[in-house]
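Notes to accompany the following structure.
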Amino acid sequence: MNFRRTMRRLHLWLGLAAGSVVFVVALSGSVYVFEREIQDWLQGYRHVDAVPRPTQPPSRLRAIAEQQLAGETASRVYYEGPARAAYVQFGDMKSRYYKLVYVNPYDGRVLKVKDMNHDFFHLVFSLHYRLLLSPDVGTTIVDCATLVFVVILLSGLVNWFPRSWAVVRQRLFIRWRAPWSRKNYDLHNVLGFHGFPVMLVVALTGLVWGFAWFDDAVHWIVSGGAETQRYEQPASKGHSTSSTTQAENVDAAWARLASRYPNAETIIVFFPQTAEASIRYVVNPDRYTYYKTDHYYYDQQSLAELEVSHDWGKYEDATRSAWVRRANFDIHIGAILGLPGKILAFVAGMIAASLPVTGFLIWWRKWTASRRHP
């Protein structure tokens, strides 16, 4: 069996096996690309009138939010600039309990209590991330399908190249006046070829989260063979204190950072859940990307700053491999290139979602023809 024939068969059977998952993951990913922009546009409670007075400290916003959700403990507070609501988070995106309480950061007025399990974009994320299944099962299926999709893309590229360069031009454009079957064939081959670079990058960045061995391989290649440093939040070294003192220290460190970064578009305050945990803060100059963030860790008793050796420290200290790891999500959704990059990621996702459909129709037509004329 020659190489081209092997690639065609590999492309066909892998496409039939993983096509339905690729369709769902690609389509939901395309919808999620503009999640922030759409929610900013449609959800008025995210915006407030900026006033010339100090914002409420994180311990106060936490107390207000916990009054709304009696018996629940908040995990973090997001400050998103002078003309935007702050919000307090309970649970997280990967858990079954996930709620947000939006609060006016100036007067403490509650603007919205939101159960994220009923939020459209959270459902889209869950569909993209785990197919709405349990995390262990759903993420495994998505990760394996993404790996298979990379093989499908590479085998498809091999199949695209014609034996003669004289017919290359025919594979670069869709012949809209051709019969339906030919148009469908062109939609599969031409769109697949033009979308290949972006689809491959999006798939590979997805694999970074899906498989530790792939993440380690990327880090090893980019860093020149350095050992991977896993994320680990440093522990506080002081003695346990009362909750009142902890709250005061959380507020003090937040005030220090807010003064140091007056133009930050996002400051996230992570409340320590135990007496040994450190207080974590994430400062971001751009709410639409993640790679430029500065991460701070403070001893919750002494407020001494704790240093880390992994990639999630100060942005100015980030190595080349740390930059790649930090930018993985921004590359995945195209945000690394701003709005043009997001448009590219959206279009590539729609093309990726169309390929299983057009590919199945090509196979179905050939299979039914073979049944009629064995």
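So you can find residues: chains in the structure tokens are A, B, ... in the order shown, residues in each start at 1, and ligands are numbered from 1 in order.
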Long-range neighbours of Ala352 in chain A as a list of chain:residue names, 9 Å cut-off, only C-alpha atoms, 5 positions minimum in chain: A:Val22, A:Phe23, A:Ala26, A:Leu27, A:Leu191, A:Gly192, A:Gly195, A:Phe196, A:Met199, A:Val347
Print the selection's residues with C-alpha atoms to a file, as a compact mmCIF listing (two decimals), in the first residue's frame.
```
# COMPACT_ATOMS: atom_id res chain seq x y z
CA VAL A 22 -14.63 17.79 16.35
CA PHE A 23 -17.83 19.39 15.04
CA ALA A 26 -15.03 23.54 16.97
CA LEU A 27 -18.49 25.10 16.76
CA LEU A 191 -11.38 25.63 3.03
CA GLY A 192 -9.39 22.92 4.78
CA GLY A 195 -7.67 27.24 7.24
CA PHE A 196 -4.94 24.69 7.98
CA MET A 199 -6.66 25.30 12.81
CA VAL A 347 -13.36 31.68 11.03
```
Run DSSP on the backbone and give me the residues of range 82-158 of chain A it puts in helix (DSSP H, G or I), as an MDAnalysis selection string. chainID A and resid 116:118 120:130 135:158
Write out as a list of chain:residue names which residues come within 7 Å of range 245-261 of chain A when counting only C-alpha atoms, dropping same-chain ones fewer than 5 positions away.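 Non-adjacent residues within range: A:Pro57, A:Pro58, A:Ser59, A:Ile279, A:Gln300, A:Gln301, A:Leu303.
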With N, CA and C atoms kept, could you save the residues just selected as a PDB file, in the first residue's frame?
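Contents of the output file part28.pdb:
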```pdb
ATOM      1  N   PRO A  57     -13.098  47.807  49.714  1.00  0.00           N
ATOM      2  CA  PRO A  57     -12.022  46.807  49.767  1.00  0.00           C
ATOM      3  C   PRO A  57     -12.580  45.397  49.551  1.00  0.00           C
ATOM      4  N   PRO A  58     -11.730  44.439  49.203  1.00  0.00           N
ATOM      5  CA  PRO A  58     -12.214  43.091  48.884  1.00  0.00           C
ATOM      6  C   PRO A  58     -12.944  42.406  50.033  1.00  0.00           C
ATOM      7  N   SER A  59     -12.519  42.613  51.273  1.00  0.00           N
ATOM      8  CA  SER A  59     -13.214  41.953  52.387  1.00  0.00           C
ATOM      9  C   SER A  59     -14.645  42.453  52.507  1.00  0.00           C
ATOM     10  N   ILE A 279      -1.932  34.628  50.287  1.00  0.00           N
ATOM     11  CA  ILE A 279      -2.904  35.469  49.586  1.00  0.00           C
ATOM     12  C   ILE A 279      -2.362  35.695  48.182  1.00  0.00           C
ATOM     13  N   GLN A 300      -0.128  35.485  54.529  1.00  0.00           N
ATOM     14  CA  GLN A 300      -1.371  36.097  55.017  1.00  0.00           C
ATOM     15  C   GLN A 300      -1.257  36.615  56.444  1.00  0.00           C
ATOM     16  N   GLN A 301      -0.201  36.242  57.175  1.00  0.00           N
ATOM     17  CA  GLN A 301      -0.020  36.774  58.522  1.00  0.00           C
ATOM     18  C   GLN A 301       0.934  37.975  58.555  1.00  0.00           C
ATOM     19  N   LEU A 303       2.299  39.514  55.727  1.00  0.00           N
ATOM     20  CA  LEU A 303       2.232  40.278  54.473  1.00  0.00           C
ATOM     21  C   LEU A 303       3.576  40.363  53.764  1.00  0.00           C
TER      22      LEU A 303
END
```
Using only C-alpha atoms, which of A:Phe149, A:Phe161, A:Phe90, A:Trp180 sits nearest Ala203 in chain A?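 The shortest atom-to-atom distance to Ala203 in chain A comes from A:Phe149.
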Figure out the distance between CA of Phe120 in chain A and CA of Gln43 in chain A, please, to one decimal in Å. 12.3 Å
Pick from A:Ala264, A:Ser302, A:Leu344, A:Tyr291 nearest to Glu276 in chain A, counting only C-alpha atoms: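 Using only C-alpha atoms, Glu276 in chain A sits closest to A:Ser302.
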Find the residues around Glu307 in chain A up to 9 Å (only C-alpha atoms counted), leave out those fewer than 6 positions away in its own chain, and share them as a PyMOL selection string. chain A and resi 234+296-298+313
Output C-alpha atoms of each residue in that selection to a file, as a PDB file, in the first residue's frame.
```pdb
ATOM      1  CA  PRO A 234       3.567  29.133  48.133  1.00  0.00           C
ATOM      2  CA  TYR A 296       1.799  38.253  43.640  1.00  0.00           C
ATOM      3  CA  TYR A 297       1.778  35.967  46.681  1.00  0.00           C
ATOM      4  CA  TYR A 298       1.781  37.299  50.239  1.00  0.00           C
ATOM      5  CA  GLY A 313       5.230  35.248  38.769  1.00  0.00           C
TER       6      GLY A 313
END
```
Contact residues around Phe270 in chain A with only C-alpha atoms at 9 Å, ignoring same-chain residues under 6 positions, as a ChimeraX atom specification: /A:75-78,250,279-282
How many Å separate CA of Tyr79 in chain A from CA of Glu37 in chain A? 17.2 Å
Nearby residues (only C-alpha atoms) at most 12 Å from Arg9 in chain A, same-chain spacing under 3 positions excluded, as a PyMOL selection string: chain A and resi 1-6+12-16+152+155-156+158-159+363
So the first atom is CA of Asp294 in chain A and the second is CA of Gln229 in chain A; what is the distance between them in Å, to one decimal place? 17.3 Å
Selection near Ala318 in chain A, 12 Å with only C-alpha atoms, sequence-local residues under 5 positions removed, as a CSV table (one decimal) with N, CA and C atoms, in the first residue's frame:
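Wrote selection34.csv, looks like this:
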```
chain,number,residue,atom,x,y,z
A,223,SER,N,12.3,26.1,25.7
A,223,SER,CA,13.3,26.5,26.7
A,223,SER,C,14.7,26.0,26.4
A,291,TYR,N,-1.6,37.0,29.1
A,291,TYR,CA,-0.2,36.7,29.2
A,291,TYR,C,0.6,37.8,29.9
A,292,LYS,N,0.1,39.0,30.0
A,292,LYS,CA,0.9,40.1,30.6
A,292,LYS,C,0.7,40.2,32.1
A,293,THR,N,0.0,39.3,32.7
A,293,THR,CA,-0.4,39.4,34.1
A,293,THR,C,0.9,39.3,35.0
A,294,ASP,N,0.8,40.1,36.2
A,294,ASP,CA,1.7,39.9,37.2
A,294,ASP,C,1.0,39.2,38.4
A,295,HIS,N,1.7,38.2,38.9
A,295,HIS,CA,1.1,37.4,40.0
A,295,HIS,C,1.9,37.7,41.3
A,308,VAL,N,8.3,32.9,43.8
A,308,VAL,CA,8.0,31.7,43.2
A,308,VAL,C,9.0,31.4,42.0
A,309,SER,N,9.2,30.2,41.7
A,309,SER,CA,10.2,29.8,40.6
A,309,SER,C,9.5,29.4,39.4
A,310,HIS,N,8.1,29.2,39.4
A,310,HIS,CA,7.4,28.8,38.2
A,310,HIS,C,7.1,29.9,37.3
A,311,ASP,N,6.3,29.7,36.3
A,311,ASP,CA,6.0,30.7,35.2
A,311,ASP,C,5.0,31.7,35.6
A,312,TRP,N,4.3,31.5,36.8
A,312,TRP,CA,3.3,32.5,37.1
A,312,TRP,C,3.7,33.4,38.2
A,313,GLY,N,4.7,34.2,37.9
A,313,GLY,CA,5.2,35.2,38.8
A,313,GLY,C,5.0,36.6,38.1
A,323,TRP,N,6.6,32.7,28.6
A,323,TRP,CA,5.7,33.5,27.8
A,323,TRP,C,4.8,32.7,27.0
A,324,VAL,N,5.4,31.6,26.4
A,324,VAL,CA,4.6,30.7,25.6
A,324,VAL,C,3.4,30.1,26.4
A,325,ARG,N,3.8,29.6,27.6
A,325,ARG,CA,2.8,29.0,28.5
A,325,ARG,C,1.7,30.0,28.9
A,326,ARG,N,2.2,31.2,29.3
A,326,ARG,CA,1.2,32.3,29.7
A,326,ARG,C,0.3,32.6,28.5
A,327,ALA,N,0.8,32.7,27.3
A,327,ALA,CA,0.0,33.1,26.2
A,327,ALA,C,-0.8,32.0,25.5
```
To test your reading of the structure, identify every residue in range 192-275 of chain A that backbone DSSP assigns to strand (DSSP E), and report it as a VMD selection string. chain A and resid 266 to 270
